$ cat protein05.cif   # mmCIF, C-alpha atoms
data_my_file
loop_
_atom_site.label_atom_id
_atom_site.label_comp_id
_atom_site.auth_asym_id
_atom_site.auth_seq_id
_atom_site.Cartn_x
_atom_site.Cartn_y
_atom_site.Cartn_z
CA MET A 212 -2.86 -104.16 -105.12
CA THR A 213 -3.13 -102.06 -108.26
CA VAL A 214 -1.64 -103.11 -111.59
CA HIS A 215 0.92 -100.33 -111.33
CA ARG A 216 2.08 -101.54 -107.93
CA ARG A 217 2.29 -105.14 -109.16
CA LEU A 218 4.46 -104.04 -112.08
CA HIS A 219 6.64 -102.09 -109.68
CA ALA A 220 7.05 -105.12 -107.42
CA ILE A 221 7.92 -107.35 -110.38
CA ALA A 222 10.46 -104.83 -111.61
CA VAL A 223 12.12 -104.68 -108.20
CA ALA A 224 12.15 -108.47 -107.99
CA ALA A 225 13.68 -108.68 -111.47
CA ALA A 226 16.32 -106.15 -110.53
CA LEU A 227 17.19 -108.10 -107.38
CA LEU A 228 17.37 -111.33 -109.38
CA LEU A 229 19.70 -109.68 -111.87
CA LEU A 230 21.80 -108.39 -108.99
CA THR A 231 22.09 -111.92 -107.63
CA LEU A 232 23.06 -113.27 -111.03
CA ALA A 233 25.54 -110.49 -111.64
CA CYS A 234 27.31 -111.02 -108.33
CA ALA A 235 30.36 -113.25 -108.28
CA PRO A 236 32.63 -114.20 -105.39
CA ALA A 237 34.66 -111.18 -104.35
CA CYS A 238 38.23 -111.52 -105.58
CA ALA A 239 39.98 -110.08 -102.56
CA HIS A 240 43.73 -110.15 -102.75
CA THR A 241 44.15 -112.85 -100.12
CA GLY A 242 41.69 -115.35 -101.45
CA SER A 243 40.44 -115.73 -97.91
CA MET A 244 37.54 -114.26 -95.98
CA SER A 245 39.79 -113.95 -92.97
CA GLY A 246 42.35 -111.75 -94.68
CA GLY A 247 42.62 -108.17 -95.87
CA PHE A 248 41.50 -104.91 -94.36
CA VAL A 249 37.95 -106.05 -93.66
CA GLY A 250 39.20 -109.23 -91.97
CA GLY A 251 41.49 -107.19 -89.73
CA LEU A 252 38.76 -104.65 -89.05
CA ALA A 253 36.26 -107.36 -88.09
CA HIS A 254 38.62 -109.46 -85.99
CA PRO A 255 38.63 -107.36 -82.78
CA LEU A 256 34.92 -106.64 -83.10
CA PHE A 257 34.02 -110.32 -82.87
CA GLY A 258 35.96 -110.90 -79.66
CA PRO A 259 33.72 -109.78 -76.79
CA ASP A 260 36.61 -109.82 -74.31
CA HIS A 261 38.63 -107.56 -76.58
CA VAL A 262 35.70 -105.23 -77.19
CA ALA A 263 34.96 -104.94 -73.45
CA ALA A 264 38.56 -104.13 -72.56
CA MET A 265 39.05 -101.61 -75.38
CA VAL A 266 35.87 -99.77 -74.54
CA ALA A 267 36.90 -99.78 -70.87
CA VAL A 268 40.22 -98.16 -71.79
CA GLY A 269 38.34 -95.38 -73.57
CA LEU A 270 35.86 -94.96 -70.70
CA TRP A 271 38.64 -94.77 -68.14
CA GLY A 272 40.60 -92.33 -70.25
CA ALA A 273 37.56 -90.06 -70.49
CA PHE A 274 36.98 -90.41 -66.77
CA LEU A 275 40.57 -89.49 -65.95
CA GLY A 276 40.43 -86.46 -68.25
CA PRO A 277 43.42 -84.79 -69.94
CA PRO A 278 46.12 -85.88 -70.55
CA ALA A 279 44.99 -89.50 -70.06
CA ILE A 280 42.07 -89.10 -72.46
CA TRP A 281 44.44 -88.71 -75.41
CA LEU A 282 47.53 -90.43 -74.04
CA LEU A 283 45.92 -93.85 -73.66
CA PRO A 284 44.57 -94.17 -77.24
CA ILE A 285 47.95 -93.06 -78.63
CA VAL A 286 50.12 -95.29 -76.47
CA PHE A 287 47.87 -98.36 -76.40
CA PRO A 288 48.15 -99.34 -80.11
CA MET A 289 51.93 -99.13 -80.06
CA VAL A 290 52.26 -101.17 -76.85
CA MET A 291 49.69 -103.63 -78.21
CA ALA A 292 51.73 -103.95 -81.40
CA GLY A 293 54.74 -104.80 -79.24
CA GLY A 294 52.72 -107.67 -77.77
CA GLY A 295 51.58 -108.58 -81.27
CA VAL A 296 55.19 -108.79 -82.44
CA MET A 297 55.93 -111.18 -79.55
CA GLY A 298 52.96 -113.32 -80.61
CA ILE A 299 54.04 -113.37 -84.25
CA LEU A 300 57.61 -114.24 -83.28
CA GLY A 301 56.25 -117.11 -81.19
CA LEU A 302 57.54 -115.76 -77.86
CA ALA A 303 55.27 -117.34 -75.26
CA ILE A 304 53.65 -115.28 -72.53
CA PRO A 305 52.05 -117.34 -69.76
CA GLY A 306 48.36 -116.82 -69.00
CA VAL A 307 47.47 -114.70 -72.02
CA GLU A 308 43.77 -115.61 -71.95
CA ILE A 309 43.57 -115.04 -68.19
CA GLY A 310 45.29 -111.71 -68.66
CA ILE A 311 42.76 -110.67 -71.29
CA ALA A 312 39.81 -111.65 -69.10
CA LEU A 313 41.41 -109.91 -66.13
CA SER A 314 41.81 -106.75 -68.21
CA ALA A 315 38.03 -106.49 -68.53
CA VAL A 316 37.59 -107.09 -64.77
CA VAL A 317 40.26 -104.64 -63.65
CA LEU A 318 39.60 -101.87 -66.18
CA GLY A 319 35.84 -102.22 -65.67
CA LEU A 320 36.32 -101.93 -61.91
CA MET A 321 38.53 -98.85 -62.36
CA VAL A 322 35.68 -97.18 -64.23
CA ALA A 323 32.97 -98.44 -61.88
CA LEU A 324 34.87 -97.22 -58.81
CA ALA A 325 35.86 -93.96 -60.56
CA ALA A 326 39.46 -94.72 -59.62
CA ARG A 327 41.94 -91.89 -60.24
CA PRO A 328 45.46 -93.26 -59.75
CA PRO A 329 48.53 -91.31 -60.91
CA LEU A 330 48.84 -91.26 -64.69
CA TRP A 331 51.92 -93.48 -64.76
CA ILE A 332 50.11 -96.20 -62.82
CA ALA A 333 47.10 -96.01 -65.17
CA ALA A 334 49.39 -96.11 -68.21
CA ALA A 335 51.38 -99.05 -66.82
CA LEU A 336 48.21 -100.99 -66.00
CA VAL A 337 46.74 -100.41 -69.46
CA GLY A 338 50.12 -101.15 -71.08
CA VAL A 339 50.43 -104.54 -69.37
CA PHE A 340 46.97 -105.54 -70.56
CA ALA A 341 47.75 -104.18 -74.04
CA VAL A 342 50.61 -106.67 -74.31
CA PHE A 343 48.23 -109.56 -73.57
CA HIS A 344 45.70 -108.40 -76.14
CA GLY A 345 48.39 -107.78 -78.76
CA HIS A 346 50.02 -111.15 -78.16
CA ALA A 347 46.76 -113.02 -78.61
CA HIS A 348 45.93 -111.21 -81.83
CA GLY A 349 49.46 -111.45 -83.20
CA ALA A 350 49.48 -115.19 -82.67
CA GLU A 351 46.08 -115.46 -84.38
CA LEU A 352 47.10 -113.52 -87.52
CA PRO A 353 45.90 -115.72 -90.39
CA PRO A 354 48.83 -117.01 -92.47
CA GLY A 355 47.23 -116.20 -95.80
CA ALA A 356 46.28 -112.67 -94.88
CA ASP A 357 47.50 -109.58 -96.68
CA ALA A 358 49.55 -108.56 -93.66
CA VAL A 359 49.55 -104.79 -94.27
CA ALA A 360 45.85 -104.42 -94.95
CA TYR A 361 44.93 -106.86 -92.16
CA SER A 362 47.13 -105.11 -89.61
CA VAL A 363 45.85 -101.67 -90.54
CA GLY A 364 42.25 -102.91 -90.23
CA PHE A 365 42.98 -104.55 -86.91
CA VAL A 366 44.67 -101.48 -85.42
CA VAL A 367 42.01 -99.11 -86.75
CA ALA A 368 39.22 -101.26 -85.26
CA THR A 369 40.97 -101.24 -81.89
CA GLY A 370 41.40 -97.48 -82.07
CA LEU A 371 37.76 -96.98 -83.01
CA LEU A 372 36.70 -99.06 -79.98
CA HIS A 373 38.78 -96.73 -77.81
CA LEU A 374 37.16 -93.72 -79.40
CA ALA A 375 33.71 -95.25 -78.82
CA GLY A 376 34.61 -95.68 -75.15
CA ILE A 377 35.90 -92.12 -74.95
CA ALA A 378 32.76 -90.77 -76.62
CA PHE A 379 30.55 -92.57 -74.13
CA GLY A 380 32.88 -91.63 -71.27
CA LEU A 381 32.46 -87.94 -72.07
CA LEU A 382 28.95 -88.27 -70.63
CA ALA A 383 30.68 -88.29 -67.23
CA ARG A 384 30.66 -84.49 -67.39
CA TRP A 385 27.05 -84.60 -66.24
CA PRO A 386 25.85 -86.26 -63.00
CA ALA A 387 23.45 -88.66 -64.73
CA GLY A 388 26.08 -89.46 -67.35
CA ARG A 389 28.60 -90.17 -64.63
CA ILE A 390 26.28 -92.81 -63.21
CA ALA A 391 25.77 -94.30 -66.68
CA VAL A 392 29.52 -94.48 -67.31
CA ARG A 393 30.20 -96.09 -63.93
CA ALA A 394 27.39 -98.55 -64.57
CA ALA A 395 28.96 -99.41 -67.94
CA GLY A 396 32.23 -100.05 -66.10
CA ALA A 397 30.43 -102.39 -63.71
CA VAL A 398 28.85 -104.28 -66.63
CA ILE A 399 32.30 -104.67 -68.25
CA ALA A 400 33.77 -105.93 -64.96
CA LEU A 401 30.94 -108.46 -64.61
CA ALA A 402 31.48 -109.56 -68.20
CA GLY A 403 35.17 -109.99 -67.35
CA VAL A 404 34.19 -112.28 -64.47
CA GLY A 405 32.16 -114.23 -67.00
CA PHE A 406 35.20 -114.48 -69.32
CA LEU A 407 37.36 -115.62 -66.41
CA SER A 408 34.92 -118.28 -65.26
CA GLY A 409 34.18 -119.43 -68.78
CA MET A 410 30.51 -118.48 -68.50
CA ALA A 411 30.76 -115.82 -71.20
CA MET B 279 8.60 -99.43 -114.99
CA SER B 280 10.16 -96.26 -113.73
CA GLY B 281 13.24 -94.70 -115.28
CA PHE B 282 15.21 -95.47 -112.17
CA LEU B 283 14.42 -99.18 -112.37
CA ARG B 284 15.23 -99.27 -116.08
CA ALA B 285 18.60 -97.68 -115.32
CA LEU B 286 19.19 -100.11 -112.46
CA VAL B 287 18.50 -103.11 -114.67
CA LEU B 288 20.83 -101.72 -117.33
CA VAL B 289 23.60 -101.15 -114.79
CA LEU B 290 23.19 -104.63 -113.35
CA ALA B 291 23.31 -106.16 -116.80
CA TRP B 292 26.71 -104.54 -117.30
CA THR B 293 28.06 -105.51 -113.88
CA GLN B 294 31.40 -107.29 -113.85
CA THR B 295 33.10 -109.30 -111.13
CA ALA B 296 34.40 -107.07 -108.34
CA ARG B 297 38.16 -107.05 -108.11
CA ALA B 298 40.60 -105.88 -105.47
CA HIS B 299 42.94 -103.00 -106.21
CA SER B 300 45.51 -104.94 -108.15
CA PRO B 301 45.80 -105.54 -110.95
CA ILE B 302 43.82 -102.70 -112.48
CA VAL B 303 42.63 -103.97 -115.79
CA GLY B 304 43.51 -101.50 -118.51
CA VAL B 305 45.78 -99.33 -116.38
CA GLY B 306 49.43 -99.83 -117.10
CA GLY B 307 52.50 -97.97 -118.22
CA PHE B 308 52.83 -94.45 -116.91
CA TYR B 309 49.47 -94.36 -115.15
CA GLY B 310 50.06 -97.77 -113.59
CA GLY B 311 53.33 -96.44 -112.20
CA LEU B 312 51.64 -93.23 -111.07
CA LEU B 313 49.12 -95.20 -109.01
CA HIS B 314 51.62 -97.79 -107.76
CA PRO B 315 52.65 -95.97 -104.55
CA LEU B 316 49.00 -95.57 -103.60
CA LEU B 317 47.97 -99.13 -104.37
CA VAL B 318 50.74 -100.93 -102.51
CA PRO B 319 49.57 -100.64 -98.88
CA ALA B 320 53.08 -100.61 -97.38
CA HIS B 321 54.12 -97.77 -99.71
CA ALA B 322 50.96 -95.77 -99.05
CA LEU B 323 51.47 -96.23 -95.31
CA SER B 324 55.08 -95.01 -95.49
CA LEU B 325 54.12 -91.96 -97.58
CA LEU B 326 51.34 -91.12 -95.13
CA ALA B 327 53.71 -91.43 -92.16
CA LEU B 328 56.41 -89.28 -93.77
CA GLY B 329 53.85 -86.73 -94.97
CA LEU B 330 52.40 -86.35 -91.47
CA PHE B 331 55.91 -86.11 -90.04
CA ILE B 332 57.17 -83.46 -92.47
CA GLY B 333 53.86 -81.60 -92.43
CA ARG B 334 54.31 -80.89 -88.72
CA GLN B 335 57.83 -79.50 -89.15
CA GLU B 336 58.64 -75.82 -89.53
CA SER B 337 61.06 -76.58 -92.36
CA ARG B 338 59.33 -78.73 -94.96
CA ARG B 339 61.27 -78.00 -98.13
CA GLY B 340 64.55 -79.70 -97.13
CA PRO B 341 63.17 -83.15 -96.26
CA THR B 342 60.85 -83.07 -99.28
CA ILE B 343 63.74 -82.40 -101.67
CA ILE B 344 65.84 -85.07 -99.98
CA PHE B 345 62.96 -87.55 -100.30
CA ALA B 346 62.62 -86.80 -104.02
CA ALA B 347 66.37 -87.13 -104.58
CA ALA B 348 66.55 -90.43 -102.69
CA LEU B 349 63.50 -91.72 -104.54
CA ILE B 350 65.09 -90.90 -107.89
CA ALA B 351 68.27 -92.65 -106.75
CA GLY B 352 66.30 -95.74 -105.69
CA LEU B 353 64.31 -95.85 -108.91
CA GLY B 354 67.51 -95.28 -110.88
CA ALA B 355 69.09 -98.26 -109.16
CA VAL B 356 66.06 -100.35 -110.11
CA ALA B 357 66.37 -99.15 -113.70
CA LEU B 358 70.00 -100.24 -113.66
CA ALA B 359 68.79 -103.71 -112.62
CA VAL B 360 70.12 -103.75 -109.09
CA GLY B 361 69.64 -107.16 -107.44
CA PRO B 362 67.17 -108.06 -104.67
CA THR B 363 67.40 -105.81 -101.61
CA PRO B 364 65.73 -105.81 -98.18
CA ALA B 365 64.10 -102.50 -99.16
CA GLY B 366 60.60 -103.70 -98.18
CA GLU B 367 61.67 -104.54 -94.65
CA ILE B 368 63.71 -101.35 -94.30
CA LEU B 369 60.73 -99.32 -95.49
CA LEU B 370 58.47 -100.93 -92.86
CA ALA B 371 60.99 -100.35 -90.07
CA ASP B 372 61.38 -96.74 -91.20
CA THR B 373 57.59 -96.34 -91.30
CA ALA B 374 57.28 -97.67 -87.74
CA VAL B 375 59.89 -95.20 -86.49
CA VAL B 376 58.42 -92.22 -88.37
CA GLY B 377 54.89 -93.16 -87.22
CA ALA B 378 56.11 -93.34 -83.63
CA LEU B 379 57.75 -89.90 -83.97
CA VAL B 380 54.42 -88.52 -85.21
CA ALA B 381 52.52 -90.25 -82.37
CA LEU B 382 54.86 -88.90 -79.72
CA ALA B 383 54.81 -85.41 -81.33
CA PHE B 384 58.57 -85.52 -81.04
CA VAL B 385 60.40 -82.98 -83.12
CA PRO B 386 63.90 -84.39 -83.66
CA PRO B 387 66.96 -82.43 -84.85
CA ARG B 388 66.76 -81.60 -88.55
CA PRO B 389 69.28 -84.23 -89.70
CA VAL B 390 67.02 -86.95 -88.28
CA GLY B 391 64.18 -85.69 -90.47
CA TRP B 392 66.49 -85.61 -93.49
CA LEU B 393 67.61 -89.17 -92.73
CA ALA B 394 64.01 -90.38 -92.43
CA ALA B 395 63.14 -88.74 -95.75
CA ALA B 396 66.21 -90.23 -97.45
CA VAL B 397 65.56 -93.75 -96.14
CA THR B 398 61.88 -93.62 -97.10
CA GLY B 399 62.62 -92.33 -100.61
CA ALA B 400 65.42 -94.78 -101.35
CA ALA B 401 63.62 -97.81 -99.88
CA LEU B 402 60.38 -96.94 -101.68
CA GLY B 403 62.23 -96.61 -104.97
CA LEU B 404 64.13 -99.86 -104.54
CA ASP B 405 60.93 -101.67 -103.54
CA SER B 406 59.12 -100.64 -106.75
CA PRO B 407 60.54 -102.85 -109.49
CA PRO B 408 58.27 -102.75 -112.56
CA GLU B 409 56.97 -105.98 -114.04
CA GLU B 410 57.44 -104.84 -117.62
CA ILE B 411 60.00 -106.69 -119.69
CA SER B 412 60.77 -103.89 -122.15
CA ILE B 413 63.33 -101.38 -120.86
CA GLU B 414 61.48 -98.48 -122.46
CA LEU B 415 58.14 -99.38 -120.85
CA ALA B 416 59.79 -100.11 -117.49
CA THR B 417 61.41 -96.66 -117.55
CA ILE B 418 58.04 -95.03 -118.19
CA VAL B 419 56.52 -96.96 -115.26
CA LEU B 420 59.38 -95.89 -112.99
CA ILE B 421 58.91 -92.24 -113.98
CA GLY B 422 55.21 -92.60 -113.16
CA THR B 423 56.04 -94.17 -109.80
CA GLY B 424 58.39 -91.33 -108.94
CA LEU B 425 55.87 -88.68 -109.84
CA GLY B 426 53.04 -90.48 -108.05
CA ALA B 427 55.03 -90.85 -104.84
CA CYS B 428 56.15 -87.21 -104.87
CA MET B 429 52.62 -85.97 -105.57
CA ALA B 430 51.12 -88.12 -102.83
CA LEU B 431 53.73 -86.97 -100.33
CA ALA B 432 53.23 -83.32 -101.27
CA LEU B 433 49.48 -83.71 -100.84
CA VAL B 434 49.78 -85.20 -97.35
CA ILE B 435 52.35 -82.59 -96.31
CA GLY B 436 50.14 -79.81 -97.60
CA LEU B 437 47.04 -81.08 -95.83
CA THR B 438 48.89 -81.74 -92.58
CA SER B 439 50.37 -78.25 -92.53
CA TYR B 440 46.83 -76.87 -92.34
CA LEU B 441 45.92 -78.96 -89.29
CA ARG B 442 46.65 -76.48 -86.52
CA ARG B 443 43.80 -76.96 -84.06
CA ASP B 444 44.37 -79.04 -80.93
CA TRP B 445 41.96 -81.81 -81.90
CA GLN B 446 43.43 -81.96 -85.39
CA ARG B 447 46.94 -82.33 -84.02
CA LEU B 448 45.64 -85.02 -81.69
CA ALA B 449 44.05 -86.85 -84.63
CA VAL B 450 47.39 -86.72 -86.48
CA ARG B 451 49.12 -88.24 -83.44
CA ILE B 452 46.52 -91.02 -83.19
CA ILE B 453 46.94 -91.83 -86.89
CA GLY B 454 50.70 -91.85 -86.34
CA SER B 455 50.33 -94.41 -83.56
CA TRP B 456 48.10 -96.56 -85.76
CA ILE B 457 50.69 -96.40 -88.56
CA ALA B 458 53.52 -97.32 -86.20
CA ALA B 459 51.55 -100.23 -84.73
CA SER B 460 50.58 -101.55 -88.18
CA ALA B 461 54.11 -101.28 -89.53
CA MET B 462 55.55 -103.10 -86.49
CA LEU B 463 53.08 -105.98 -86.93
CA VAL B 464 53.70 -106.28 -90.66
CA LEU B 465 57.47 -106.16 -90.21
CA ALA B 466 57.25 -109.01 -87.70
CA VAL B 467 55.14 -111.01 -90.15
CA ARG B 468 57.61 -110.37 -92.97
CA LEU B 469 60.55 -111.44 -90.87
CA THR B 470 58.95 -114.66 -89.70
CA ARG B 471 56.90 -115.97 -92.65
#

$ encode --input "protein05.cif" --output "structure tokens"
Amino acid sequence: MTVHRRLHAIAVAAALLLLTLACAPACAHTGSMSGGFVGGLAHPLFGPDHVAAMVAVGLWGAFLGPPAIWLLPIVFPMVMAGGGVMGILGLAIPGVEIGIALSAVVLGLMVALAARPPLWIAAALVGVFAVFHGHAHGAELPPGADAVAYSVGFVVATGLLHLAGIAFGLLARWPAGRIAVRAAGAVIALAGVGFLSGMA
Amino acid sequence: MSGFLRALVLVLAWTQTARAHSPIVGVGGFYGGLLHPLLVPAHALSLLALGLFIGRQESRRGPTIIFAAALIAGLGAVALAVGPTPAGEILLADTAVVGALVALAFVPPRPVGWLAAAVTGAALGLDSPPEEISIELATIVLIGTGLGACMALALVIGLTSYLRRDWQRLAVRIIGSWIAASAMLVLAVRLTR
């Protein structure tokens, strides 16, 4: 190593050390890591059952084509919020966790089997599962959280998962992509079986 | 040591503790009021919802004027030291309804739009009491708040009116549904905790 490179490495190390010294705990407005926009944004992403179901909704919407492709991501957050309100108000819904796991199984199977039911049936099916997901997340809302920022982050993350599913589902326009999308549906359904049995 | 590294070390030496949006150290008075509608998430959400809603209408001037008038009335009531009101909750409920109207791409009769604008303006004004003790300073903050809210609304309306393509209209509807969902959740939290 040349002298110049050594000096460069020392300078970088010094800069990093200064960065470490300069950093202080982030003063977010909630005083809690679980609160705020980032907390809400991260919450759905760290629940594999939620991720699987949301992506499946997007995949199925893309598979069904218009108008389902845009109807589902618009309707889902509002129906989910209805479930969330029930959770926050403490209104009990029996079998919420089973319902969430079932959502991955059923929606994954719909994609895997390339099912094309009438739109109202698809919307009703997705809506029922949205209530379960919303209820679980509403009941889990941390008490110290900045409710507005947390809720916005939570809803945006859910919407982005839908959009990710839709983006991947658009591959179904091509024969090879169609196989890939159906395979993804099968993986989600299998994961749902894992959630149901407690293996995942 | 390169110039870049020297600059980096200098910047790091001046680094201060990161802070969330409020309070903004050194920003108060008129400018604090000007930024207030943007820095209170519930207010920003309501302005975004109303802006998207009005921006999609053919007639935009009427609801905008009504919003401004209602906002001035609300801020005036605050200046006259009106007591505590449920303005925060009303604003959230109004935001949920307006967001849902945007999501459903429903164009209601004109009076419904006027009513939404009036409720948003009045509730936003009533929910913006300044923390200043001096009447003179509080008045300046309220004037800033009024201007900031009107400017933010005008900006969203203006931008939305340019979104004419199908995918842009779809994006507006998706944002509307996200706003409605967020407002519903927050309202439930407010009413229970």

$ atom_distance --input "protein05.cif" --atom1 "atom CA of B:Gly354" --atom2 "atom CA of B:Gly422"
12.8 Å

$ atom_distance --input "protein05.cif" --atom1 "atom CA of B:Val360" --atom2 "atom CA of B:Leu404"
8.5 Å

$ residues_near_point --input "protein05.cif" --point "(50.0, -92.9, -86.0)" --cutoff "12 Å" --atoms "only C-alpha atoms" --output "JSON, numbers by chain"
{"A": [284, 285, 286, 287, 288, 289, 363, 366, 367, 370], "B": [323, 324, 326, 327, 328, 329, 330, 331, 373, 374, 375, 376, 377, 378, 379, 380, 381, 382, 383, 447, 448, 449, 450, 451, 452, 453, 454, 455, 456, 457, 458, 459, 460, 461, 462]}

$ resolve_selection --input "protein05.cif" --expression "the PyMOL selection byres ((chain B and resi 359) around 12)" --output "list in words"
Gly352, Leu353, Gly354, Ala355, Val356, Ala357, Leu358, Val360, Gly361, Pro362, Thr363, Leu404, Ser406, Pro407, Pro408, Ile411, Ile413, Ala416 and Thr417 of chain B

$ atom_distance --input "protein05.cif" --atom1 "atom CA of A:Pro305" --atom2 "atom CA of A:Glu351"
15.9 Å

$ resolve_selection --input "protein05.cif" --expression "the PyMOL selection byres ((chain B and resi 333) around 8)" --output "PyMOL selection string"
chain B and resi 329-332+334-335+338+434-439

$ closest_residue --input "protein05.cif" --among "B:Gly399, B:Pro319, B:Pro387, B:Gly307" --to "chain A" --atoms "only C-alpha atoms"
B:Pro319

$ build_atoms --input "protein05.cif" --residues "stretch 360-379 of chain A" --atoms "N, CA and C atoms" --output "PDB file, keeping the file's coordinate frame"
ATOM      1  N   ALA A 360      47.251-104.816 -95.020  1.00  0.00           N
ATOM      2  CA  ALA A 360      45.850-104.420 -94.950  1.00  0.00           C
ATOM      3  C   ALA A 360      45.188-104.986 -93.691  1.00  0.00           C
ATOM      4  N   TYR A 361      45.519-106.237 -93.353  1.00  0.00           N
ATOM      5  CA  TYR A 361      44.930-106.860 -92.160  1.00  0.00           C
ATOM      6  C   TYR A 361      45.345-106.095 -90.903  1.00  0.00           C
ATOM      7  N   SER A 362      46.630-105.785 -90.800  1.00  0.00           N
ATOM      8  CA  SER A 362      47.130-105.110 -89.610  1.00  0.00           C
ATOM      9  C   SER A 362      46.535-103.714 -89.471  1.00  0.00           C
ATOM     10  N   VAL A 363      46.444-103.010 -90.588  1.00  0.00           N
ATOM     11  CA  VAL A 363      45.850-101.670 -90.540  1.00  0.00           C
ATOM     12  C   VAL A 363      44.392-101.768 -90.073  1.00  0.00           C
ATOM     13  N   GLY A 364      43.646-102.728 -90.628  1.00  0.00           N
ATOM     14  CA  GLY A 364      42.250-102.910 -90.230  1.00  0.00           C
ATOM     15  C   GLY A 364      42.127-103.249 -88.761  1.00  0.00           C
ATOM     16  N   PHE A 365      42.998-104.104 -88.295  1.00  0.00           N
ATOM     17  CA  PHE A 365      42.980-104.550 -86.910  1.00  0.00           C
ATOM     18  C   PHE A 365      43.269-103.381 -85.954  1.00  0.00           C
ATOM     19  N   VAL A 366      44.300-102.607 -86.288  1.00  0.00           N
ATOM     20  CA  VAL A 366      44.670-101.480 -85.420  1.00  0.00           C
ATOM     21  C   VAL A 366      43.600-100.396 -85.451  1.00  0.00           C
ATOM     22  N   VAL A 367      43.054-100.138 -86.639  1.00  0.00           N
ATOM     23  CA  VAL A 367      42.010 -99.110 -86.750  1.00  0.00           C
ATOM     24  C   VAL A 367      40.771 -99.511 -85.944  1.00  0.00           C
ATOM     25  N   ALA A 368      40.391-100.797 -86.017  1.00  0.00           N
ATOM     26  CA  ALA A 368      39.220-101.260 -85.260  1.00  0.00           C
ATOM     27  C   ALA A 368      39.442-101.080 -83.767  1.00  0.00           C
ATOM     28  N   THR A 369      40.651-101.408 -83.310  1.00  0.00           N
ATOM     29  CA  THR A 369      40.970-101.240 -81.890  1.00  0.00           C
ATOM     30  C   THR A 369      40.891 -99.762 -81.497  1.00  0.00           C
ATOM     31  N   GLY A 370      41.452 -98.919 -82.352  1.00  0.00           N
ATOM     32  CA  GLY A 370      41.400 -97.480 -82.070  1.00  0.00           C
ATOM     33  C   GLY A 370      39.977 -96.953 -82.049  1.00  0.00           C
ATOM     34  N   LEU A 371      39.149 -97.457 -82.965  1.00  0.00           N
ATOM     35  CA  LEU A 371      37.760 -96.980 -83.010  1.00  0.00           C
ATOM     36  C   LEU A 371      36.995 -97.440 -81.759  1.00  0.00           C
ATOM     37  N   LEU A 372      37.338 -98.618 -81.235  1.00  0.00           N
ATOM     38  CA  LEU A 372      36.700 -99.060 -79.980  1.00  0.00           C
ATOM     39  C   LEU A 372      37.096 -98.128 -78.837  1.00  0.00           C
ATOM     40  N   HIS A 373      38.354 -97.717 -78.817  1.00  0.00           N
ATOM     41  CA  HIS A 373      38.780 -96.730 -77.810  1.00  0.00           C
ATOM     42  C   HIS A 373      37.958 -95.451 -77.934  1.00  0.00           C
ATOM     43  N   LEU A 374      37.868 -94.982 -79.173  1.00  0.00           N
ATOM     44  CA  LEU A 374      37.160 -93.720 -79.400  1.00  0.00           C
ATOM     45  C   LEU A 374      35.692 -93.845 -79.001  1.00  0.00           C
ATOM     46  N   ALA A 375      35.096 -95.029 -79.236  1.00  0.00           N
ATOM     47  CA  ALA A 375      33.710 -95.250 -78.820  1.00  0.00           C
ATOM     48  C   ALA A 375      33.607 -95.154 -77.298  1.00  0.00           C
ATOM     49  N   GLY A 376      34.588 -95.756 -76.611  1.00  0.00           N
ATOM     50  CA  GLY A 376      34.610 -95.680 -75.150  1.00  0.00           C
ATOM     51  C   GLY A 376      34.774 -94.249 -74.671  1.00  0.00           C
ATOM     52  N   ILE A 377      35.672 -93.517 -75.336  1.00  0.00           N
ATOM     53  CA  ILE A 377      35.900 -92.120 -74.950  1.00  0.00           C
ATOM     54  C   ILE A 377      34.624 -91.298 -75.164  1.00  0.00           C
ATOM     55  N   ALA A 378      33.989 -91.531 -76.314  1.00  0.00           N
ATOM     56  CA  ALA A 378      32.760 -90.770 -76.620  1.00  0.00           C
ATOM     57  C   ALA A 378      31.695 -91.014 -75.555  1.00  0.00           C
ATOM     58  N   PHE A 379      31.532 -92.272 -75.174  1.00  0.00           N
ATOM     59  CA  PHE A 379      30.550 -92.570 -74.130  1.00  0.00           C
ATOM     60  C   PHE A 379      31.011 -92.013 -72.780  1.00  0.00           C
TER      61      PHE A 379
END
